[in-house]
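Colleague: Supplied structure: start-v5.cif, mmCIF, C-alpha atoms.
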```
data_upload
loop_
_atom_site.group_PDB
_atom_site.id
_atom_site.type_symbol
_atom_site.label_atom_id
_atom_site.label_comp_id
_atom_site.auth_asym_id
_atom_site.auth_seq_id
_atom_site.Cartn_x
_atom_site.Cartn_y
_atom_site.Cartn_z
ATOM 1 C CA MET A 1 -153.690 218.688 76.619
ATOM 2 C CA SER A 2 -154.578 221.542 74.284
ATOM 3 C CA HIS A 3 -154.521 221.826 70.528
ATOM 4 C CA ALA A 4 -150.986 223.238 70.541
ATOM 5 C CA ALA A 5 -149.461 220.271 72.298
ATOM 6 C CA VAL A 6 -151.363 217.305 70.876
ATOM 7 C CA GLY A 7 -152.961 218.046 67.551
ATOM 8 C CA ALA A 8 -156.047 219.261 65.795
ATOM 9 C CA PRO A 9 -159.369 217.807 66.929
ATOM 10 C CA GLY A 10 -160.060 214.489 65.248
ATOM 11 C CA THR A 11 -156.438 213.931 64.149
ATOM 12 C CA PRO A 12 -154.545 212.718 67.230
ATOM 13 C CA ARG A 13 -153.637 209.415 65.558
ATOM 14 C CA ARG A 14 -152.243 211.193 62.523
ATOM 15 C CA TYR A 15 -150.350 213.605 64.733
ATOM 16 C CA LEU A 16 -148.798 210.853 66.849
ATOM 17 C CA HIS A 17 -147.919 208.807 63.772
ATOM 18 C CA SER A 18 -146.211 211.802 62.160
ATOM 19 C CA LEU A 19 -144.456 212.604 65.419
ATOM 20 C CA TRP A 20 -143.060 209.098 65.617
ATOM 21 C CA LEU A 21 -141.932 209.125 61.969
ATOM 22 C CA LEU A 22 -140.150 212.466 62.326
ATOM 23 C CA SER A 23 -138.459 211.470 65.583
ATOM 24 C CA ALA A 24 -137.401 208.106 64.154
ATOM 25 C CA ARG A 25 -135.994 209.897 61.116
ATOM 26 C CA ASP A 26 -133.964 212.213 63.349
ATOM 27 C CA LEU A 27 -132.484 209.239 65.192
ATOM 28 C CA LYS A 28 -131.786 207.338 61.975
ATOM 29 C CA VAL A 29 -129.993 210.311 60.455
ATOM 30 C CA ARG A 30 -127.996 210.890 63.636
ATOM 31 C CA TYR A 31 -126.842 207.297 63.925
ATOM 32 C CA SER A 32 -126.501 206.263 60.276
ATOM 33 C CA THR A 33 -124.381 209.247 59.206
ATOM 34 C CA SER A 34 -121.860 208.866 62.034
ATOM 35 C CA PHE A 35 -119.128 206.265 62.358
ATOM 36 C CA LEU A 36 -119.621 206.063 66.123
ATOM 37 C CA GLY A 37 -123.411 206.084 65.819
ATOM 38 C CA TYR A 38 -125.026 205.080 69.107
ATOM 39 C CA LEU A 39 -121.850 205.804 71.079
ATOM 40 C CA TRP A 40 -122.427 209.539 70.639
ATOM 41 C CA SER A 41 -125.421 209.197 72.962
ATOM 42 C CA VAL A 42 -123.162 208.137 75.805
ATOM 43 C CA LEU A 43 -119.769 209.685 75.025
ATOM 44 C CA ASP A 44 -120.692 213.263 75.911
ATOM 45 C CA PRO A 45 -122.102 212.591 79.415
ATOM 46 C CA LEU A 46 -119.476 209.904 80.041
ATOM 47 C CA VAL A 47 -116.553 212.195 79.214
ATOM 48 C CA MET A 48 -118.086 215.030 81.245
ATOM 49 C CA SER A 49 -118.583 212.698 84.202
ATOM 50 C CA VAL A 50 -115.014 211.432 84.101
ATOM 51 C CA ILE A 51 -113.640 214.984 83.909
ATOM 52 C CA TYR A 52 -115.696 216.223 86.859
ATOM 53 C CA TRP A 53 -114.967 213.055 88.832
ATOM 54 C CA PHE A 54 -111.224 213.544 88.279
ATOM 55 C CA VAL A 55 -111.266 217.268 89.113
ATOM 56 C CA PHE A 56 -113.362 216.964 92.271
ATOM 57 C CA THR A 57 -111.932 213.719 93.637
ATOM 58 C CA GLN A 58 -108.331 213.656 92.462
ATOM 59 C CA VAL A 59 -107.369 217.330 92.095
ATOM 60 C CA PHE A 60 -109.478 219.113 94.713
ATOM 61 C CA HIS A 61 -110.713 217.919 98.072
ATOM 62 C CA ARG A 62 -114.397 218.090 97.318
ATOM 63 C CA SER A 63 -117.046 218.558 99.988
ATOM 64 C CA ALA A 64 -120.020 218.721 97.603
ATOM 65 C CA GLY A 65 -121.990 215.844 96.172
ATOM 66 C CA LEU A 66 -122.509 212.314 97.458
ATOM 67 C CA GLN A 67 -120.677 208.996 97.314
ATOM 68 C CA PRO A 68 -120.194 207.195 94.996
ATOM 69 C CA TYR A 69 -119.510 210.451 93.191
ATOM 70 C CA ILE A 70 -119.295 208.992 89.673
ATOM 71 C CA VAL A 71 -122.832 207.562 90.009
ATOM 72 C CA PHE A 72 -123.972 210.842 91.556
ATOM 73 C CA LEU A 73 -122.646 212.700 88.491
ATOM 74 C CA ILE A 74 -123.882 210.390 85.759
ATOM 75 C CA SER A 75 -127.403 210.127 87.182
ATOM 76 C CA ALA A 76 -127.852 213.882 86.619
ATOM 77 C CA LEU A 77 -125.588 214.440 83.610
ATOM 78 C CA LEU A 78 -127.555 212.039 81.404
ATOM 79 C CA PRO A 79 -130.867 213.939 81.773
ATOM 80 C CA TRP A 80 -128.946 217.223 81.548
ATOM 81 C CA VAL A 81 -127.627 216.212 78.119
ATOM 82 C CA TRP A 82 -131.239 215.525 77.080
ATOM 83 C CA PHE A 83 -132.343 218.931 78.383
ATOM 84 C CA ASN A 84 -129.381 220.838 76.943
ATOM 85 C CA ALA A 85 -129.560 219.208 73.503
ATOM 86 C CA ALA A 86 -133.327 219.676 73.247
ATOM 87 C CA VAL A 87 -133.310 223.359 74.227
ATOM 88 C CA GLY A 88 -130.397 223.973 71.859
ATOM 89 C CA ASP A 89 -132.342 222.398 68.996
ATOM 90 C CA PHE A 90 -135.474 224.393 69.870
ATOM 91 C CA THR A 91 -133.681 227.539 68.719
ATOM 92 C CA ARG A 92 -133.501 226.109 65.176
ATOM 93 C CA ALA A 93 -136.684 224.020 65.202
ATOM 94 C CA PHE A 94 -138.565 226.091 62.626
ATOM 95 C CA LYS A 95 -135.688 227.562 60.618
ATOM 96 C CA LYS A 96 -134.189 224.161 59.866
ATOM 97 C CA ASP A 97 -137.317 222.905 58.041
ATOM 98 C CA ALA A 98 -138.933 226.219 57.134
ATOM 99 C CA ARG A 99 -140.544 224.944 53.935
ATOM 100 C CA LEU A 100 -142.151 221.969 55.668
ATOM 101 C CA VAL A 101 -143.263 224.119 58.598
ATOM 102 C CA ARG A 102 -145.060 226.503 56.222
ATOM 103 C CA SER A 103 -146.716 223.783 54.161
ATOM 104 C CA THR A 104 -147.687 221.153 56.734
ATOM 105 C CA SER A 105 -151.314 220.664 57.718
ATOM 106 C CA ILE A 106 -150.309 219.003 61.000
ATOM 107 C CA PRO A 107 -150.183 221.281 64.073
ATOM 108 C CA ARG A 108 -146.782 222.942 64.029
ATOM 109 C CA SER A 109 -146.076 222.045 67.643
ATOM 110 C CA ILE A 110 -144.870 218.767 66.149
ATOM 111 C CA TRP A 111 -141.551 220.476 65.303
ATOM 112 C CA VAL A 112 -141.026 221.014 69.023
ATOM 113 C CA ASN A 113 -142.353 217.679 70.216
ATOM 114 C CA ARG A 114 -140.226 215.709 67.726
ATOM 115 C CA ILE A 115 -137.128 217.172 69.364
ATOM 116 C CA VAL A 116 -138.341 216.296 72.857
ATOM 117 C CA LEU A 117 -139.110 212.737 71.777
ATOM 118 C CA SER A 118 -135.922 212.066 69.792
ATOM 119 C CA LYS A 119 -133.641 213.518 72.471
ATOM 120 C CA GLY A 120 -135.627 211.658 75.122
ATOM 121 C CA MET A 121 -135.032 208.417 73.240
ATOM 122 C CA GLU A 122 -131.316 209.179 73.204
ATOM 123 C CA TYR A 123 -131.484 209.610 76.980
ATOM 124 C CA LEU A 124 -133.103 206.191 77.330
ATOM 125 C CA PHE A 125 -130.426 204.701 75.052
ATOM 126 C CA SER A 126 -127.723 206.120 77.344
ATOM 127 C CA LEU A 127 -129.117 204.586 80.551
ATOM 128 C CA PRO A 128 -127.006 201.388 80.234
ATOM 129 C CA VAL A 129 -123.985 203.553 81.071
ATOM 130 C CA LEU A 130 -125.551 204.521 84.398
ATOM 131 C CA VAL A 131 -126.493 200.900 85.069
ATOM 132 C CA LEU A 132 -122.941 199.685 84.395
ATOM 133 C CA PHE A 133 -121.348 202.245 86.712
ATOM 134 C CA ALA A 134 -123.950 201.561 89.396
ATOM 135 C CA VAL A 135 -123.375 197.805 89.206
ATOM 136 C CA PHE A 136 -119.583 197.940 89.182
ATOM 137 C CA THR A 137 -119.154 200.678 91.797
ATOM 138 C CA PRO A 138 -118.999 198.895 95.188
ATOM 139 C CA GLU A 139 -120.574 201.676 97.270
ATOM 140 C CA THR A 140 -123.704 201.914 95.109
ATOM 141 C CA GLN A 141 -126.988 200.999 96.738
ATOM 142 C CA PHE A 142 -130.247 200.419 94.850
ATOM 143 C CA GLY A 143 -133.561 201.230 96.469
ATOM 144 C CA TRP A 144 -137.276 201.824 96.045
ATOM 145 C CA GLY A 145 -136.437 205.239 94.618
ATOM 146 C CA ILE A 146 -136.187 203.751 91.137
ATOM 147 C CA LEU A 147 -139.978 204.130 91.014
ATOM 148 C CA TRP A 148 -139.454 207.893 90.886
ATOM 149 C CA MET A 149 -137.511 207.795 87.605
ATOM 150 C CA PRO A 150 -140.609 207.568 85.358
ATOM 151 C CA VAL A 151 -142.025 210.559 87.236
ATOM 152 C CA ALA A 152 -138.803 212.469 86.558
ATOM 153 C CA ILE A 153 -138.996 211.604 82.843
ATOM 154 C CA ILE A 154 -142.635 212.765 82.655
ATOM 155 C CA LEU A 155 -141.879 216.047 84.436
ATOM 156 C CA GLN A 156 -138.864 216.730 82.238
ATOM 157 C CA THR A 157 -140.946 216.012 79.134
ATOM 158 C CA ILE A 158 -143.627 218.459 80.289
ATOM 159 C CA LEU A 159 -141.005 221.099 81.079
ATOM 160 C CA LEU A 160 -139.251 220.666 77.728
ATOM 161 C CA ILE A 161 -142.471 220.869 75.717
ATOM 162 C CA GLY A 162 -143.369 224.098 77.495
ATOM 163 C CA LEU A 163 -139.903 225.576 76.939
ATOM 164 C CA GLY A 164 -139.903 224.451 73.316
ATOM 165 C CA LEU A 165 -143.223 226.144 72.621
ATOM 166 C CA LEU A 166 -141.678 229.326 74.058
ATOM 167 C CA VAL A 167 -138.179 229.206 72.602
ATOM 168 C CA ALA A 168 -138.873 227.965 69.064
ATOM 169 C CA PRO A 169 -141.183 230.784 67.893
ATOM 170 C CA LEU A 170 -139.297 233.495 69.784
ATOM 171 C CA CYS A 171 -136.016 232.508 68.105
ATOM 172 C CA VAL A 172 -137.625 232.947 64.687
ATOM 173 C CA LEU A 173 -138.796 236.468 65.531
ATOM 174 C CA TYR A 174 -135.695 237.506 67.496
ATOM 175 C CA THR A 175 -132.583 235.915 65.998
ATOM 176 C CA ASP A 176 -130.251 237.020 68.810
ATOM 177 C CA LEU A 177 -132.119 234.707 71.176
ATOM 178 C CA GLU A 178 -130.311 231.701 69.684
ATOM 179 C CA ARG A 179 -126.960 232.879 71.073
ATOM 180 C CA THR A 180 -128.612 234.139 74.247
ATOM 181 C CA THR A 181 -130.122 230.696 74.854
ATOM 182 C CA ALA A 182 -126.686 229.089 74.504
ATOM 183 C CA LEU A 183 -125.290 231.450 77.171
ATOM 184 C CA ILE A 184 -128.238 230.794 79.482
ATOM 185 C CA LEU A 185 -127.706 227.030 79.153
ATOM 186 C CA ARG A 186 -124.051 227.388 80.165
ATOM 187 C CA ALA A 187 -125.006 229.331 83.270
ATOM 188 C CA LEU A 188 -127.901 226.991 84.031
ATOM 189 C CA PHE A 189 -125.570 223.998 84.139
ATOM 190 C CA TYR A 190 -123.764 225.466 87.154
ATOM 191 C CA ALA A 191 -127.007 226.794 88.666
ATOM 192 C CA THR A 192 -128.471 223.273 88.661
ATOM 193 C CA PRO A 193 -127.540 220.624 91.278
ATOM 194 C CA ILE A 194 -125.531 218.400 88.941
ATOM 195 C CA ILE A 195 -122.021 218.461 90.399
ATOM 196 C CA TYR A 196 -123.395 219.245 93.863
ATOM 197 C CA THR A 197 -126.595 218.731 95.881
ATOM 198 C CA LEU A 198 -129.124 221.410 96.684
ATOM 199 C CA GLY A 199 -128.159 221.019 100.337
ATOM 200 C CA ASP A 200 -124.575 222.039 99.517
ATOM 201 C CA LEU A 201 -125.745 225.574 98.717
ATOM 202 C CA PRO A 202 -125.551 228.132 101.526
ATOM 203 C CA GLY A 203 -128.536 229.974 102.982
ATOM 204 C CA VAL A 204 -130.630 231.949 100.534
ATOM 205 C CA PHE A 205 -129.004 230.257 97.523
ATOM 206 C CA GLN A 206 -130.485 226.942 98.628
ATOM 207 C CA THR A 207 -133.951 228.515 98.687
ATOM 208 C CA LEU A 208 -133.443 230.130 95.295
ATOM 209 C CA GLY A 209 -132.031 226.892 93.888
ATOM 210 C CA ALA A 210 -135.205 225.026 94.827
ATOM 211 C CA PHE A 211 -137.104 227.221 92.331
ATOM 212 C CA ASN A 212 -135.047 225.812 89.492
ATOM 213 C CA PRO A 213 -137.420 223.089 88.228
ATOM 214 C CA LEU A 214 -134.452 220.930 87.219
ATOM 215 C CA ALA A 215 -133.418 220.719 90.892
ATOM 216 C CA GLY A 216 -136.495 218.712 91.829
ATOM 217 C CA ILE A 217 -136.459 216.690 88.606
ATOM 218 C CA PHE A 218 -132.812 215.689 88.977
ATOM 219 C CA MET A 219 -133.457 214.842 92.611
ATOM 220 C CA LEU A 220 -135.956 212.250 91.384
ATOM 221 C CA TYR A 221 -133.454 210.854 88.881
ATOM 222 C CA ARG A 222 -131.096 210.219 91.797
ATOM 223 C CA MET A 223 -133.658 208.527 94.032
ATOM 224 C CA PRO A 224 -132.630 204.956 93.060
ATOM 225 C CA PHE A 225 -129.196 205.575 94.597
ATOM 226 C CA PHE A 226 -129.647 208.441 97.071
ATOM 227 C CA PRO A 227 -133.183 208.161 98.535
ATOM 228 C CA ASP A 228 -132.251 210.147 101.657
ATOM 229 C CA GLN A 229 -131.989 213.291 99.518
ATOM 230 C CA PHE A 230 -135.712 213.376 98.765
ATOM 231 C CA ASP A 231 -137.411 216.689 99.516
ATOM 232 C CA GLY A 232 -141.125 216.879 98.789
ATOM 233 C CA THR A 233 -141.233 220.671 98.615
ATOM 234 C CA THR A 234 -138.523 220.842 95.933
ATOM 235 C CA VAL A 235 -140.251 218.152 93.875
ATOM 236 C CA LEU A 236 -143.626 219.900 94.214
ATOM 237 C CA ILE A 237 -142.073 223.176 93.043
ATOM 238 C CA ALA A 238 -140.589 221.362 90.052
ATOM 239 C CA ALA A 239 -143.969 219.848 89.159
ATOM 240 C CA VAL A 240 -145.846 223.154 89.465
ATOM 241 C CA MET A 241 -143.234 225.068 87.465
ATOM 242 C CA SER A 242 -143.097 222.403 84.742
ATOM 243 C CA VAL A 243 -146.872 222.571 84.267
ATOM 244 C CA GLY A 244 -146.674 226.370 84.456
ATOM 245 C CA PHE A 245 -144.121 226.485 81.635
ATOM 246 C CA LEU A 246 -146.329 224.166 79.583
ATOM 247 C CA VAL A 247 -149.384 226.409 79.989
ATOM 248 C CA LEU A 248 -147.348 229.547 79.244
ATOM 249 C CA GLY A 249 -145.697 227.890 76.261
ATOM 250 C CA GLN A 250 -149.016 226.848 74.764
ATOM 251 C CA TRP A 251 -150.403 230.379 75.101
ATOM 252 C CA VAL A 252 -147.297 232.022 73.596
ATOM 253 C CA PHE A 253 -147.223 229.496 70.764
ATOM 254 C CA ARG A 254 -150.841 230.218 69.819
ATOM 255 C CA VAL A 255 -150.192 233.964 69.838
ATOM 256 C CA LEU A 256 -146.966 233.809 67.809
ATOM 257 C CA GLU A 257 -147.724 231.031 65.335
ATOM 258 C CA ARG A 258 -149.054 233.341 62.615
ATOM 259 C CA PRO A 259 -146.245 235.949 62.905
ATOM 260 C CA VAL A 260 -143.704 233.092 62.797
ATOM 261 C CA LEU A 261 -145.171 231.713 59.553
ATOM 262 C CA LYS A 262 -144.942 235.171 57.977
ATOM 263 C CA GLU A 263 -141.301 235.445 59.047
ATOM 264 C CA LEU A 264 -140.217 232.043 57.699
#
```
Once more with this new file: its structure as structure tokens, please.
Modeller:
Amino acid sequence: MSHAAVGAPGTPRRYLHSLWLLSARDLKVRYSTSFLGYLWSVLDPLVMSVIYWFVFTQVFHRSAGLQPYIVFLISALLPWVWFNAAVGDFTRAFKKDARLVRSTSIPRSIWVNRIVLSKGMEYLFSLPVLVLFAVFTPETQFGWGILWMPVAIILQTILLIGLGLLVAPLCVLYTDLERTTALILRALFYATPIIYTLGDLPGVFQTLGAFNPLAGIFMLYRMPFFPDQFDGTTVLIAAVMSVGFLVLGQWVFRVLERPVLKEL
């Protein structure tokens, strides 16, 4: 990986050590300053899952999604919370610690990667919720697809780093992008197969939906429970687009780093 994503030549150990310290600090602050602490990592996706489960199984006669629907929801909502929280924090990544960003000698991509790592850790901490629902829901079936989950985590990490390297500097230079990003995330939630499957979309929308990299990534997250939904083309598109965003993000970050430092 290039200088922008890993660190200056000869200092990878220092970079990784600093990355771990910053991410651990973020988690410590999040959990130690809240009465509920760890529970906040699971409450948001859990409440969302229960609401959507109730609406689409008890209020409306749903034809989208797969059974058991609560497992179907949680398996995608947990990584969505990681994605949504990380992208939201990217918009403030440099402004929040402007003095440190200006003065640090460590590559400034660390302010993006710390968010990806800390929010990714929160995702891992929330996985027991998925396990509990999967174990105690009678219709749930486990399969070989669990081997795809690490691949999904790697692809989502790559995608988030690329997006962070794009969003963080742009939001410093163009302040309106912070609100714009929030609106895009709201729309993206419904444009991503979370409460439905890609196959539930009609015609051309199914084709367009496959070019949302989260479609293929979330498909992999669901493989332990719904292996019949696997589609190699959608996953390949997700992989190519994730790497593409990483390459684009690294280029944009290199170009904008100096203007961003002047703006801070």
Colleague: May I ask for the distance between CA of Ser118 (chain A) and CA of Pro150 (chain A), given in Å to one decimal place?
Modeller: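 Distance between the two atoms: 16.9 Å.
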Colleague: For Ala152 (chain A), which of A:Ala85, A:Met223, A:Ile110, A:Met48 is the closest residue, counting only C-alpha atoms?
Modeller: A:Met223
Colleague: If we count only C-alpha atoms, what is near Trp251 (chain A) at a cut-off of 10 Å, once residues fewer than 3 positions away on the same chain are taken out, given as a ChimeraX atom specification?
Modeller: /A:2,4,162,165-166,245-248,254-256
Colleague: Using all atoms listed in the file, what residues lie at most 9 Å away from (-133.2, 212.1, 72.1) (file coordinates), given as a ChimeraX atom specification?
Modeller: /A:23,26-27,41,82,85-86,115-125
Colleague: Write a file of the selected residues as a PDB file, keeping the file's coordinate frame, keeping C-alpha atoms.
Modeller:
```pdb
ATOM      1  CA  SER A  23    -138.459 211.470  65.583  1.00  0.00           C
ATOM      2  CA  ASP A  26    -133.964 212.213  63.349  1.00  0.00           C
ATOM      3  CA  LEU A  27    -132.484 209.239  65.192  1.00  0.00           C
ATOM      4  CA  SER A  41    -125.421 209.197  72.962  1.00  0.00           C
ATOM      5  CA  TRP A  82    -131.239 215.525  77.080  1.00  0.00           C
ATOM      6  CA  ALA A  85    -129.560 219.208  73.503  1.00  0.00           C
ATOM      7  CA  ALA A  86    -133.327 219.676  73.247  1.00  0.00           C
ATOM      8  CA  ILE A 115    -137.128 217.172  69.364  1.00  0.00           C
ATOM      9  CA  VAL A 116    -138.341 216.296  72.857  1.00  0.00           C
ATOM     10  CA  LEU A 117    -139.110 212.737  71.777  1.00  0.00           C
ATOM     11  CA  SER A 118    -135.922 212.066  69.792  1.00  0.00           C
ATOM     12  CA  LYS A 119    -133.641 213.518  72.471  1.00  0.00           C
ATOM     13  CA  GLY A 120    -135.627 211.658  75.122  1.00  0.00           C
ATOM     14  CA  MET A 121    -135.032 208.417  73.240  1.00  0.00           C
ATOM     15  CA  GLU A 122    -131.316 209.179  73.204  1.00  0.00           C
ATOM     16  CA  TYR A 123    -131.484 209.610  76.980  1.00  0.00           C
ATOM     17  CA  LEU A 124    -133.103 206.191  77.330  1.00  0.00           C
ATOM     18  CA  PHE A 125    -130.426 204.701  75.052  1.00  0.00           C
TER      19      PHE A 125
END
```
Colleague: Residues within 10 Å of region 175-190 of chain A, please, as a list of chain:residue names. Count all atoms listed in the file; anything in the same chain fewer than 3 positions from it doesn't count.
Modeller: A:Leu77, A:Trp80, A:Phe83, A:Asn84, A:Ala85, A:Val87, A:Gly88, A:Asp89, A:Phe90, A:Thr91, A:Arg92, A:Val167, A:Ala168, A:Leu170, A:Cys171, A:Val172, A:Pro193, A:Ile194, A:Ile195, A:Tyr196, A:Asn212, A:Leu214
Colleague: Using all atoms listed in the file, which of A:Gln156, A:Ser75, A:Ser18, A:Thr207 sits nearest Trp111 (chain A)?
Modeller: A:Ser18
Colleague: Can you measure CA of Ile70 (chain A) to CA of Asp231 (chain A) for me? One decimal in Å is fine.
Modeller: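 Computing it gives 22.0 Å between the two atoms.
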